[in-house]
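Source file: model00.cif (mmCIF, C-alpha atoms and all ligand atoms)
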data_my_file
loop_
_atom_site.label_atom_id
_atom_site.label_comp_id
_atom_site.auth_asym_id
_atom_site.auth_seq_id
_atom_site.Cartn_x
_atom_site.Cartn_y
_atom_site.Cartn_z
CA MET A 5 -1.79 -17.64 -11.85
CA VAL A 6 -4.83 -19.82 -12.36
CA SER A 7 -7.87 -18.12 -13.79
CA LYS A 8 -11.14 -19.31 -12.36
CA TYR A 9 -12.92 -19.73 -15.64
CA LEU A 10 -10.21 -22.07 -16.89
CA ILE A 11 -10.49 -24.50 -13.99
CA GLY A 12 -13.40 -26.56 -15.25
CA ALA A 13 -13.22 -27.64 -18.87
CA GLY A 14 -17.02 -27.40 -18.92
CA ALA A 15 -16.86 -23.69 -18.25
CA LEU A 16 -14.98 -23.21 -21.48
CA LEU A 17 -17.91 -24.61 -23.42
CA SER A 18 -20.52 -22.58 -21.59
CA PRO A 19 -22.26 -19.99 -23.75
CA LEU A 20 -22.37 -17.72 -20.67
CA VAL A 21 -18.63 -17.14 -20.94
CA SER A 22 -18.49 -14.23 -23.35
CA ALA A 23 -15.63 -13.40 -25.64
CA THR A 24 -14.73 -10.53 -23.31
CA SER A 25 -13.40 -12.80 -20.53
CA SER A 26 -9.80 -12.05 -19.66
CA ALA A 27 -7.30 -13.39 -17.15
CA LYS A 28 -5.70 -9.93 -17.03
CA ARG A 29 -8.62 -8.41 -15.12
CA GLY A 30 -8.55 -7.43 -11.50
CA LEU A 31 -10.71 -5.68 -8.93
CA ILE A 32 -10.05 -2.30 -7.39
CA PHE A 33 -11.82 -3.00 -4.13
CA ILE A 34 -13.61 0.11 -2.85
CA PRO A 35 -16.14 -1.18 -0.32
CA ASN A 36 -18.83 1.05 1.18
CA SER A 37 -19.88 0.22 4.75
CA THR A 38 -23.53 0.90 3.90
CA THR A 39 -23.58 -1.72 1.12
CA LEU A 40 -21.34 -4.56 2.32
CA GLN A 41 -23.52 -7.07 0.46
CA ASP A 42 -21.93 -5.81 -2.77
CA ASN A 43 -18.55 -7.25 -1.76
CA SER A 44 -19.47 -10.80 -2.77
CA ILE A 45 -20.50 -9.77 -6.30
CA TRP A 46 -16.89 -9.63 -7.49
CA VAL A 47 -16.02 -13.17 -6.40
CA GLN A 48 -19.23 -14.96 -7.41
CA THR A 49 -18.99 -18.25 -9.28
CA GLY A 50 -17.84 -17.68 -12.83
CA SER A 51 -16.29 -14.26 -12.22
CA ASP A 52 -13.12 -13.97 -14.26
CA LEU A 53 -11.34 -11.59 -11.90
CA THR A 54 -7.97 -13.07 -10.95
CA TRP A 55 -6.50 -10.44 -8.65
CA TYR A 56 -7.33 -7.39 -6.55
CA TYR A 57 -5.91 -4.49 -4.64
CA ASN A 58 -7.45 -2.27 -1.97
CA TYR A 59 -4.90 0.61 -1.72
CA GLY A 60 -3.53 -1.01 1.45
CA ASN A 61 -0.95 -3.50 2.66
CA LEU A 62 -3.33 -6.13 4.06
CA PRO A 63 -5.87 -8.40 2.35
CA SER A 64 -9.58 -7.56 2.78
CA SER A 65 -11.33 -9.83 5.28
CA ASP A 66 -14.09 -10.58 2.75
CA TYR A 67 -11.56 -12.36 0.55
CA THR A 68 -9.04 -13.96 2.90
CA HIS A 69 -10.79 -17.35 2.49
CA ILE A 70 -9.89 -17.39 -1.23
CA PRO A 71 -6.40 -18.70 -2.03
CA GLN A 72 -3.90 -16.39 -3.71
CA SER A 73 -3.78 -18.79 -6.67
CA LYS A 74 -7.45 -18.00 -7.42
CA PHE A 75 -7.73 -14.33 -6.44
CA GLU A 76 -4.36 -12.76 -5.88
CA PHE A 77 -4.11 -9.95 -3.34
CA VAL A 78 -1.57 -7.32 -4.42
CA PRO A 79 -0.44 -5.16 -1.46
CA MET A 80 0.12 -1.44 -1.98
CA MET A 81 2.24 1.02 -0.04
CA TRP A 82 -0.03 4.01 -0.62
CA GLY A 83 2.24 6.86 0.45
CA VAL A 84 5.44 7.75 2.26
CA GLY A 85 5.70 8.88 5.91
CA PRO A 86 8.16 11.31 7.54
CA ASN A 87 11.05 8.80 7.69
CA PRO A 88 11.31 7.47 4.15
CA SER A 89 14.62 5.63 4.57
CA GLN A 90 13.86 4.23 8.06
CA ASP A 91 10.21 3.21 7.90
CA THR A 92 10.05 -0.42 6.73
CA ALA A 93 6.51 -1.19 7.96
CA PHE A 94 5.33 -2.05 4.44
CA HIS A 95 8.24 -4.39 3.77
CA ASP A 96 7.78 -6.08 7.15
CA SER A 97 4.05 -6.54 6.60
CA VAL A 98 4.59 -8.20 3.20
CA VAL A 99 7.25 -10.51 4.64
CA ASN A 100 4.84 -11.41 7.43
CA LEU A 101 2.09 -12.27 4.93
CA ILE A 102 4.47 -14.50 3.01
CA ASN A 103 5.66 -16.22 6.19
CA THR A 104 2.11 -16.83 7.42
CA GLY A 105 0.75 -18.50 4.31
CA THR A 106 -0.24 -15.70 1.93
CA PRO A 107 2.27 -16.01 -0.90
CA ILE A 108 2.56 -12.45 -2.19
CA SER A 109 3.99 -12.34 -5.72
CA HIS A 110 3.45 -8.71 -6.79
CA VAL A 111 3.39 -5.38 -4.93
CA LEU A 112 2.26 -1.87 -5.86
CA SER A 113 3.81 1.37 -4.64
CA PHE A 114 2.78 4.99 -4.09
CA ASN A 115 -0.58 6.13 -5.44
CA GLU A 116 -0.37 9.18 -7.71
CA PRO A 117 2.71 10.60 -5.93
CA ASP A 118 2.80 13.53 -8.40
CA ALA A 119 -0.62 14.76 -7.23
CA PRO A 120 -1.46 16.73 -4.05
CA SER A 121 -3.46 15.00 -1.33
CA ALA A 122 -6.42 17.30 -2.03
CA TRP A 123 -6.77 15.48 -5.38
CA GLY A 124 -6.32 12.02 -3.88
CA GLY A 125 -2.59 11.82 -4.60
CA SER A 126 0.07 10.70 -2.14
CA ASP A 127 2.16 13.84 -2.82
CA VAL A 128 5.66 12.38 -2.55
CA THR A 129 8.85 13.90 -3.98
CA PRO A 130 10.83 11.65 -6.32
CA ALA A 131 13.77 11.74 -3.91
CA ASN A 132 11.71 10.64 -0.87
CA ALA A 133 9.99 8.00 -2.97
CA ALA A 134 13.40 6.66 -3.99
CA LEU A 135 14.47 6.36 -0.33
CA ALA A 136 11.25 4.57 0.62
CA TRP A 137 11.55 2.34 -2.44
CA ILE A 138 15.05 1.28 -1.46
CA ALA A 139 13.99 0.59 2.16
CA ASN A 140 10.81 -1.35 1.37
CA PHE A 141 10.73 -2.66 -2.19
CA VAL A 142 14.27 -3.52 -3.24
CA PRO A 143 14.61 -6.18 -0.48
CA LEU A 144 11.25 -7.72 -1.52
CA GLN A 145 12.52 -8.29 -5.04
CA LYS A 146 15.30 -10.41 -3.54
CA LEU A 147 12.52 -12.66 -2.16
CA GLY A 148 11.10 -13.09 -5.67
CA VAL A 149 8.32 -10.50 -5.34
CA LYS A 150 7.68 -8.46 -8.51
CA LEU A 151 7.76 -4.69 -8.00
CA GLY A 152 5.40 -2.13 -9.56
CA ILE A 153 6.82 1.41 -9.64
CA PRO A 154 4.63 4.27 -8.36
CA ALA A 155 1.47 4.83 -10.44
CA VAL A 156 1.61 8.49 -11.43
CA THR A 157 -1.33 10.46 -12.81
CA GLY A 158 -1.94 10.56 -16.56
CA ALA A 159 -0.62 14.15 -16.74
CA PRO A 160 2.67 14.88 -18.57
CA THR A 161 4.22 15.83 -15.22
CA GLY A 162 3.63 12.22 -14.15
CA PHE A 163 6.13 11.03 -16.73
CA ASP A 164 8.69 13.56 -15.50
CA TRP A 165 8.12 12.42 -11.92
CA THR A 166 8.78 8.80 -12.93
CA GLU A 167 12.03 9.62 -14.70
CA GLN A 168 13.25 11.64 -11.73
CA PHE A 169 12.29 8.89 -9.27
CA LEU A 170 14.25 6.28 -11.23
CA ALA A 171 17.23 8.64 -11.60
CA ASN A 172 17.24 9.42 -7.86
CA CYS A 173 16.99 5.72 -6.97
CA THR A 174 19.78 4.81 -9.40
CA SER A 175 22.04 7.56 -8.08
CA ILE A 176 21.56 6.49 -4.45
CA LEU A 177 22.11 2.80 -5.25
CA GLN A 178 24.92 3.55 -7.72
CA THR A 179 23.45 0.87 -9.91
CA GLN A 180 20.31 0.58 -12.08
CA CYS A 181 17.22 0.96 -9.85
CA PRO A 182 15.46 -2.44 -9.78
CA TYR A 183 11.77 -2.76 -10.67
CA ASP A 184 9.58 -5.15 -12.66
CA PHE A 185 6.45 -3.51 -14.01
CA ILE A 186 4.85 -0.14 -14.68
CA PRO A 187 1.38 0.63 -13.30
CA LEU A 188 -0.48 3.47 -15.06
CA HIS A 189 -3.70 5.44 -14.52
CA TRP A 190 -5.87 6.87 -17.27
CA TYR A 191 -9.12 8.87 -17.20
CA ASP A 192 -10.07 9.86 -20.73
CA ASN A 193 -10.90 8.36 -24.11
CA LEU A 194 -9.43 5.35 -25.92
CA GLY A 195 -7.02 7.29 -28.15
CA GLY A 196 -5.56 8.91 -25.06
CA LEU A 197 -5.23 5.57 -23.27
CA GLN A 198 -3.42 4.06 -26.25
CA SER A 199 -0.94 6.90 -26.62
CA HIS A 200 -0.35 6.96 -22.86
CA ILE A 201 0.48 3.24 -22.84
CA ASN A 202 2.67 3.70 -25.93
CA GLN A 203 4.62 6.51 -24.32
CA TYR A 204 5.61 4.34 -21.34
CA ALA A 205 6.14 1.20 -23.43
CA THR A 206 8.57 3.14 -25.64
CA ALA A 207 10.40 4.76 -22.73
CA PHE A 208 10.72 1.51 -20.74
CA PRO A 209 11.14 -1.27 -23.30
CA GLY A 210 10.81 -4.82 -22.03
CA LYS A 211 8.84 -3.83 -18.91
CA LYS A 212 5.29 -5.10 -18.47
CA ILE A 213 2.54 -2.52 -18.05
CA TRP A 214 -0.42 -2.71 -15.69
CA VAL A 215 -3.28 -0.20 -16.05
CA THR A 216 -4.35 -0.07 -12.40
CA GLU A 217 -7.02 2.65 -12.70
CA TYR A 218 -8.90 3.66 -15.81
CA ALA A 219 -12.30 4.82 -17.07
CA ASP A 220 -13.71 7.40 -19.49
CA PRO A 221 -15.54 9.45 -16.85
CA ASN A 222 -18.58 11.70 -17.16
CA GLN A 223 -19.67 10.55 -20.61
CA ASP A 224 -23.08 9.50 -21.87
CA LEU A 225 -23.90 5.81 -21.52
CA ALA A 226 -23.24 4.78 -25.14
CA THR A 227 -19.81 6.46 -25.18
CA THR A 228 -18.94 4.93 -21.79
CA GLN A 229 -19.91 1.42 -22.92
CA GLN A 230 -18.09 1.75 -26.22
CA PHE A 231 -14.96 2.91 -24.40
CA PHE A 232 -15.22 -0.05 -22.05
CA ASN A 233 -15.53 -2.58 -24.89
CA GLN A 234 -12.83 -1.11 -27.07
CA SER A 235 -10.32 -0.54 -24.27
CA ALA A 236 -10.80 -4.12 -23.01
CA SER A 237 -10.22 -5.55 -26.52
CA TYR A 238 -7.20 -3.34 -26.94
CA MET A 239 -5.63 -4.29 -23.62
CA ASP A 240 -6.47 -7.98 -23.97
CA GLY A 241 -4.64 -8.03 -27.30
CA LEU A 242 -1.57 -6.14 -26.15
CA ALA A 243 1.18 -8.60 -25.15
CA SER A 244 3.18 -6.03 -23.17
CA LEU A 245 0.12 -5.24 -21.04
CA GLU A 246 -0.02 -7.79 -18.24
CA ARG A 247 -3.01 -6.72 -16.12
CA TYR A 248 -5.69 -4.09 -15.84
CA SER A 249 -8.29 -2.94 -13.32
CA TYR A 250 -11.22 -0.66 -14.17
CA PHE A 251 -12.19 2.11 -11.74
CA GLY A 252 -15.83 1.47 -11.21
CA ALA A 253 -16.59 -1.35 -8.75
CA PHE A 254 -19.23 0.67 -6.89
CA ARG A 255 -22.76 2.02 -7.23
CA SER A 256 -23.70 4.78 -9.63
CA ASN A 257 -24.90 7.26 -7.03
CA VAL A 258 -21.63 7.20 -5.02
CA SER A 259 -19.45 7.44 -8.13
CA ASN A 260 -16.69 10.04 -8.52
CA VAL A 261 -16.21 9.12 -12.20
CA GLY A 262 -19.73 10.01 -13.28
CA PRO A 263 -22.98 8.04 -13.00
CA ASN A 264 -22.55 6.02 -16.21
CA ALA A 265 -19.11 4.47 -15.63
CA THR A 266 -19.95 2.12 -12.77
CA PHE A 267 -20.25 -1.65 -12.45
CA LEU A 268 -23.38 -1.36 -10.24
CA ASN A 269 -26.64 0.55 -10.42
CA ASN A 270 -28.06 2.31 -7.36
CA ALA A 271 -29.55 -0.94 -6.08
CA GLY A 272 -26.31 -2.92 -6.41
CA ARG A 273 -27.19 -4.80 -9.61
CA LEU A 274 -24.53 -5.38 -12.29
CA THR A 275 -24.70 -2.95 -15.20
CA ASP A 276 -23.69 -4.05 -18.70
CA ILE A 277 -20.13 -2.88 -18.07
CA GLY A 278 -19.96 -4.59 -14.68
CA SER A 279 -21.31 -7.85 -16.02
CA LEU A 280 -19.07 -7.88 -19.09
CA TYR A 281 -16.05 -7.12 -16.90
CA LEU A 282 -16.75 -10.24 -14.83
CA GLY A 283 -17.03 -12.30 -18.03
CA PHE A 284 -20.84 -12.56 -18.12
CA GLY A 285 -23.33 -11.25 -20.69
CA LEU A 286 -25.23 -7.97 -20.96
CA THR A 287 -27.77 -7.25 -18.19
CA GLY A 288 -29.49 -4.19 -19.66
CA VAL A 289 -29.35 -2.59 -16.19
CA VAL A 290 -29.06 1.19 -16.58
CA PRO A 291 -26.44 2.52 -14.10
CA THR A 292 -28.68 5.29 -12.74
CA SER A 293 -31.67 3.00 -12.14
CA ASN A 294 -32.82 2.52 -8.55
CA ASN A 295 -33.91 -1.11 -8.49
C1 LIG B 1 -21.28 5.13 0.93
O1 LIG B 1 -22.66 5.04 0.65
C2 LIG B 1 -23.44 6.07 1.25
C3 LIG B 1 -24.93 5.74 1.00
O2 LIG B 1 -25.18 5.55 -0.37
C4 LIG B 1 -23.01 7.42 0.72
O3 LIG B 1 -23.73 8.44 1.35
C5 LIG B 1 -21.53 7.62 0.95
O4 LIG B 1 -21.09 8.81 0.32
C6 LIG B 1 -20.73 6.46 0.40
N1 LIG B 1 -19.32 6.61 0.76
C7 LIG B 1 -18.36 6.64 -0.16
C8 LIG B 1 -16.97 6.81 0.37
O5 LIG B 1 -18.57 6.52 -1.35
C1 LIG B 2 16.68 13.72 -7.94
O1 LIG B 2 16.78 13.78 -9.36
C2 LIG B 2 16.68 15.09 -9.87
C3 LIG B 2 16.68 14.98 -11.40
O2 LIG B 2 17.69 14.14 -11.85
C4 LIG B 2 17.82 15.95 -9.35
O3 LIG B 2 17.66 17.27 -9.81
C5 LIG B 2 17.79 15.93 -7.82
O4 LIG B 2 18.90 16.61 -7.33
C6 LIG B 2 17.80 14.52 -7.31
N1 LIG B 2 17.63 14.55 -5.87
C7 LIG B 2 18.37 13.83 -5.05
C8 LIG B 2 18.07 13.99 -3.59
O5 LIG B 2 19.23 13.05 -5.45
C1 LIG B 3 -25.25 9.48 -18.45
O1 LIG B 3 -25.82 8.88 -19.60
C2 LIG B 3 -27.10 9.43 -19.96
C3 LIG B 3 -27.63 8.56 -21.09
O2 LIG B 3 -26.72 8.49 -22.15
C4 LIG B 3 -26.91 10.89 -20.34
O3 LIG B 3 -28.18 11.47 -20.63
C5 LIG B 3 -26.27 11.63 -19.16
O4 LIG B 3 -26.00 12.96 -19.54
C6 LIG B 3 -24.99 10.95 -18.74
N1 LIG B 3 -24.46 11.60 -17.53
C7 LIG B 3 -23.30 12.24 -17.53
C8 LIG B 3 -22.88 12.89 -16.26
O5 LIG B 3 -22.57 12.30 -18.51
C1 LIG B 4 -19.96 -4.43 -25.96
O1 LIG B 4 -19.61 -5.82 -26.18
C2 LIG B 4 -20.69 -6.73 -25.96
C3 LIG B 4 -20.21 -8.16 -26.14
O2 LIG B 4 -18.89 -8.34 -25.93
C4 LIG B 4 -21.81 -6.44 -26.91
O3 LIG B 4 -22.89 -7.31 -26.66
C5 LIG B 4 -22.25 -4.99 -26.74
O4 LIG B 4 -23.24 -4.68 -27.71
C6 LIG B 4 -21.08 -4.03 -26.89
N1 LIG B 4 -21.53 -2.68 -26.56
C7 LIG B 4 -21.15 -1.60 -27.26
C8 LIG B 4 -21.70 -0.30 -26.85
O5 LIG B 4 -20.36 -1.69 -28.19
C1 LIG B 5 -28.39 5.52 -3.89
O1 LIG B 5 -29.59 4.92 -4.36
C2 LIG B 5 -30.17 3.99 -3.44
C3 LIG B 5 -31.37 3.35 -4.12
O2 LIG B 5 -32.26 4.32 -4.60
C4 LIG B 5 -30.52 4.72 -2.15
O3 LIG B 5 -31.06 3.79 -1.21
C5 LIG B 5 -29.28 5.38 -1.57
O4 LIG B 5 -29.61 6.14 -0.44
C6 LIG B 5 -28.66 6.30 -2.61
N1 LIG B 5 -27.41 6.85 -2.08
C7 LIG B 5 -27.08 8.13 -2.32
C8 LIG B 5 -25.75 8.55 -1.75
O5 LIG B 5 -27.77 8.90 -2.95
#
As structure tokens, what does this structure read like?
Ligand SMILES: *[C@@H]1O[C@H](CO)[C@@H](O)[C@H](O)[C@H]1NC(C)=O
Ligand SMILES: *[C@@H]1O[C@H](CO)[C@@H](O)[C@H](O)[C@H]1NC(C)=O
Ligand SMILES: *[C@@H]1O[C@H](CO)[C@@H](O)[C@H](O)[C@H]1NC(C)=O
Ligand SMILES: *[C@@H]1O[C@H](CO)[C@@H](O)[C@H](O)[C@H]1NC(C)=O
Ligand SMILES: *[C@@H]1O[C@H](CO)[C@@H](O)[C@H](O)[C@H]1NC(C)=O
Amino acid sequence: MVSKYLIGAGALLSPLVSATSSAKRGLIFIPNSTTLQDNSIWVQTGSDLTWYYNYGNLPSSDYTHIPQSKFEFVPMMWGVGPNPSQDTAFHDSVVNLINTGTPISHVLSFNEPDAPSAWGGSDVTPANAALAWIANFVPLQKLGVKLGIPAVTGAPTGFDWTEQFLANCTSILQTQCPYDFIPLHWYDNLGGLQSHINQYATAFPGKKIWVTEYADPNQDLATTQQFFNQSASYMDGLASLERYSYFGAFRSNVSNVGPNATFLNNAGRLTDIGSLYLGFGLTGVVPTSNN
């Protein structure tokens, strides 16, 4: 994976590249049809984002002109339909991308399967998830694609769900269920994020961790910014943590994680957090400002 800010040697010397740049960072792409102009912000010259996902199996048309080596699309199978062991649409779509010139190297699976759909979860039982995993993901690993297990919620029941999923998969396959990395979600303070990561790192030694959604929601601006800085330093320094993506690539007044957590203000300008995340300097733009 080639990080954009490493391509030109000159960029390394630029004072605009702050110490917070990181090749681990990706975009959770949550476009809003009323503000499509915001979509180019994340891929502007100098942005250090190296990968993205959009909760779906196909790349976003805004980014298909950018090669995978610069901005890697990571497909996700969001949930599981009524025929978990028969439905291979996700697998087939990834194989088709690979065969038509989009070299997919990592895939993500079910979004918050331990949560009901009313809360934004995909509400899948561990046993059905195991069947869908075997039908769609296990064959992709044989093609060299790295597999992320389902990203459960940060609740303790999420950990139980994961253990049951792996046990069900292993018992169906009659051999250790194959997977490569562990995506996690976290919505609370830094201490909580650290102990959450530690819990999974201890339970699944040797597996890389991705934090695919995180923020400290509904806090005042100073607390939110401090969380952002400290969590980025922490994750950048943690060797077992391979990638992370902050939940906040949208405007303050459409936010569901509070008005202070977002990358953009109400007019679509980068806030301090948004700008630092892309590897630029502070902007002083207050998230709730209107221009
Ligand atoms: C998209 O933006 C409009 C206008 O700001 C807003 O009313 C709507 O709730 C947003 N949609 C989502 C899904 O955030
Ligand atoms: C899934 O695993 C759980 C816990 O090990 C077990 O109770 C359950 O019977 C399993 N379900 C299937 C369908 O194998
Ligand atoms: C957002 O931050 C401002 C400034 O720190 C604070 O007054 C406000 O209460 C915060 N909003 C929320 C929802 O926490
Ligand atoms: C966050 O880090 C940036 C530089 O990396 C620094 O300029 C800023 O003051 C920090 N903000 C907080 C709230 O610590
Ligand atoms: C968000 O703020 C912008 C700028 O003030 C405004 O045009 C837009 O309608 C607002 N959207 C919502 C959902 O309040």
Original post:
Taking all atoms listed in the file into account, which residues are within 9 Å of ligand LIG 1 (chain B), as a ChimeraX atom specification?
Top reply: /A:34-39,254-255,257-260,270
**OP:** For ligand LIG 3 (chain B), collect every residue having any atom at a distance of at most 7 Å from a ligand atom (counting all atoms listed in the file); output as a ChimeraX atom specification.
**Re:** /A:222-226,262-264
Subject >> Surrounding residues as a PyMOL selection string, ligand LIG 4 (chain B), max 9 Å, all atoms listed in the file >> reply: chain A and resi 22-25+225-234+276-277+280+285-286
Put those residues in a file: C-alpha atoms, as a PDB file, in the frame of the given file.
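Okay, this is what ended up in result36.pdb:
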ATOM      1  CA  SER A  22     -18.490 -14.230 -23.350  1.00  0.00           C
ATOM      2  CA  ALA A  23     -15.630 -13.400 -25.640  1.00  0.00           C
ATOM      3  CA  THR A  24     -14.730 -10.530 -23.310  1.00  0.00           C
ATOM      4  CA  SER A  25     -13.400 -12.800 -20.530  1.00  0.00           C
ATOM      5  CA  LEU A 225     -23.900   5.810 -21.520  1.00  0.00           C
ATOM      6  CA  ALA A 226     -23.240   4.780 -25.140  1.00  0.00           C
ATOM      7  CA  THR A 227     -19.810   6.460 -25.180  1.00  0.00           C
ATOM      8  CA  THR A 228     -18.940   4.930 -21.790  1.00  0.00           C
ATOM      9  CA  GLN A 229     -19.910   1.420 -22.920  1.00  0.00           C
ATOM     10  CA  GLN A 230     -18.090   1.750 -26.220  1.00  0.00           C
ATOM     11  CA  PHE A 231     -14.960   2.910 -24.400  1.00  0.00           C
ATOM     12  CA  PHE A 232     -15.220  -0.050 -22.050  1.00  0.00           C
ATOM     13  CA  ASN A 233     -15.530  -2.580 -24.890  1.00  0.00           C
ATOM     14  CA  GLN A 234     -12.830  -1.110 -27.070  1.00  0.00           C
ATOM     15  CA  ASP A 276     -23.690  -4.050 -18.700  1.00  0.00           C
ATOM     16  CA  ILE A 277     -20.130  -2.880 -18.070  1.00  0.00           C
ATOM     17  CA  LEU A 280     -19.070  -7.880 -19.090  1.00  0.00           C
ATOM     18  CA  GLY A 285     -23.330 -11.250 -20.690  1.00  0.00           C
ATOM     19  CA  LEU A 286     -25.230  -7.970 -20.960  1.00  0.00           C
TER      20      LEU A 286
END
Original post:
How many Å lie between CA of Val78 in chain A and CA of Ala253 in chain A, rounded to one decimal?
Top reply: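 Those two atoms sit 16.7 Å apart.
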Subject >> Residue neighbourhood Tyr56 in chain A, 12 Å, only C-alpha atoms, exclusion window fewer than 5 positions, as a PyMOL selection string >> reply: chain A and resi 28-34+46-47+61-64+66-68+70+72-80+108+110-112+216-217+247-251+253
Subject >> A:Pro209, A:Pro182, A:Gly272, A:Pro221 ranked by distance to Leu40 in chain A, top pick (using all atoms listed in the file) >> reply: A:Gly272
Quick one: residues within 6 Å of ligand LIG 2 (chain B), with all atoms listed in the file, as a PDB file with C-alpha atoms, keeping the file's coordinate frame?
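And here's pocket37.pdb as it stands now:
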ATOM      1  CA  ALA A 131      13.770  11.740  -3.910  1.00  0.00           C
ATOM      2  CA  GLN A 168      13.250  11.640 -11.730  1.00  0.00           C
ATOM      3  CA  ALA A 171      17.230   8.640 -11.600  1.00  0.00           C
ATOM      4  CA  ASN A 172      17.240   9.420  -7.860  1.00  0.00           C
TER       5      ASN A 172
END
Subject >> Minimum-distance residue to ligand LIG 5 (chain B), chosen among A:Ser175, A:Asn202, A:Thr292, A:Asn193 (using only C-alpha atoms and all ligand atoms) >> reply: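 Among A:Ser175, A:Asn202, A:Thr292, A:Asn193, it is A:Thr292 that comes nearest to ligand LIG 5 (chain B).
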Original post:
For ligand LIG 5 (chain B), which of A:Ser89, A:Asn294, A:Asn103, A:Asn140 is the closest residue, counting only C-alpha atoms and all ligand atoms?
Top reply: A:Asn294
Original post:
By how many Å are CA of Ile138 in chain A and CA of Cys173 in chain A apart?
Top reply: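 One can read the CA of Ile138 in chain A to CA of Cys173 in chain A distance as 7.3 Å.
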**OP:** Would you please work out which residue, of A:Leu188, A:Gly162, A:Ala271, A:Thr157, is nearest to ligand LIG 5 (chain B) when using only C-alpha atoms and all ligand atoms?
**Re:** A:Ala271
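Ranking A:Leu268, A:Ala219, A:Cys181, A:Val156 by their shortest atom-to-atom distance to ligand LIG 5 (chain B), with only C-alpha atoms and all ligand atoms included, puts A:Leu268 first.
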**OP:** Using all atoms listed in the file, find the one residue out of A:Ser235, A:Asn100, A:Thr92, A:Ser109 that sits nearest to Gly196 in chain A.
**Re:**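 Using all atoms listed in the file, the shortest distance to Gly196 in chain A belongs to A:Ser235.
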Original post:
Leaving out Ala136 in chain A and any residue of its chain fewer than 4 positions from it, which residues lie within 10 Å of it when counting only C-alpha atoms, given as a PyMOL selection string?
Top reply: chain A and resi 81+83-85+87-92+94-95+113-114+130-132+140-142+173
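Atom to atom, CA of Ile186 in chain A and CA of Asp220 in chain A stand 20.6 Å apart.
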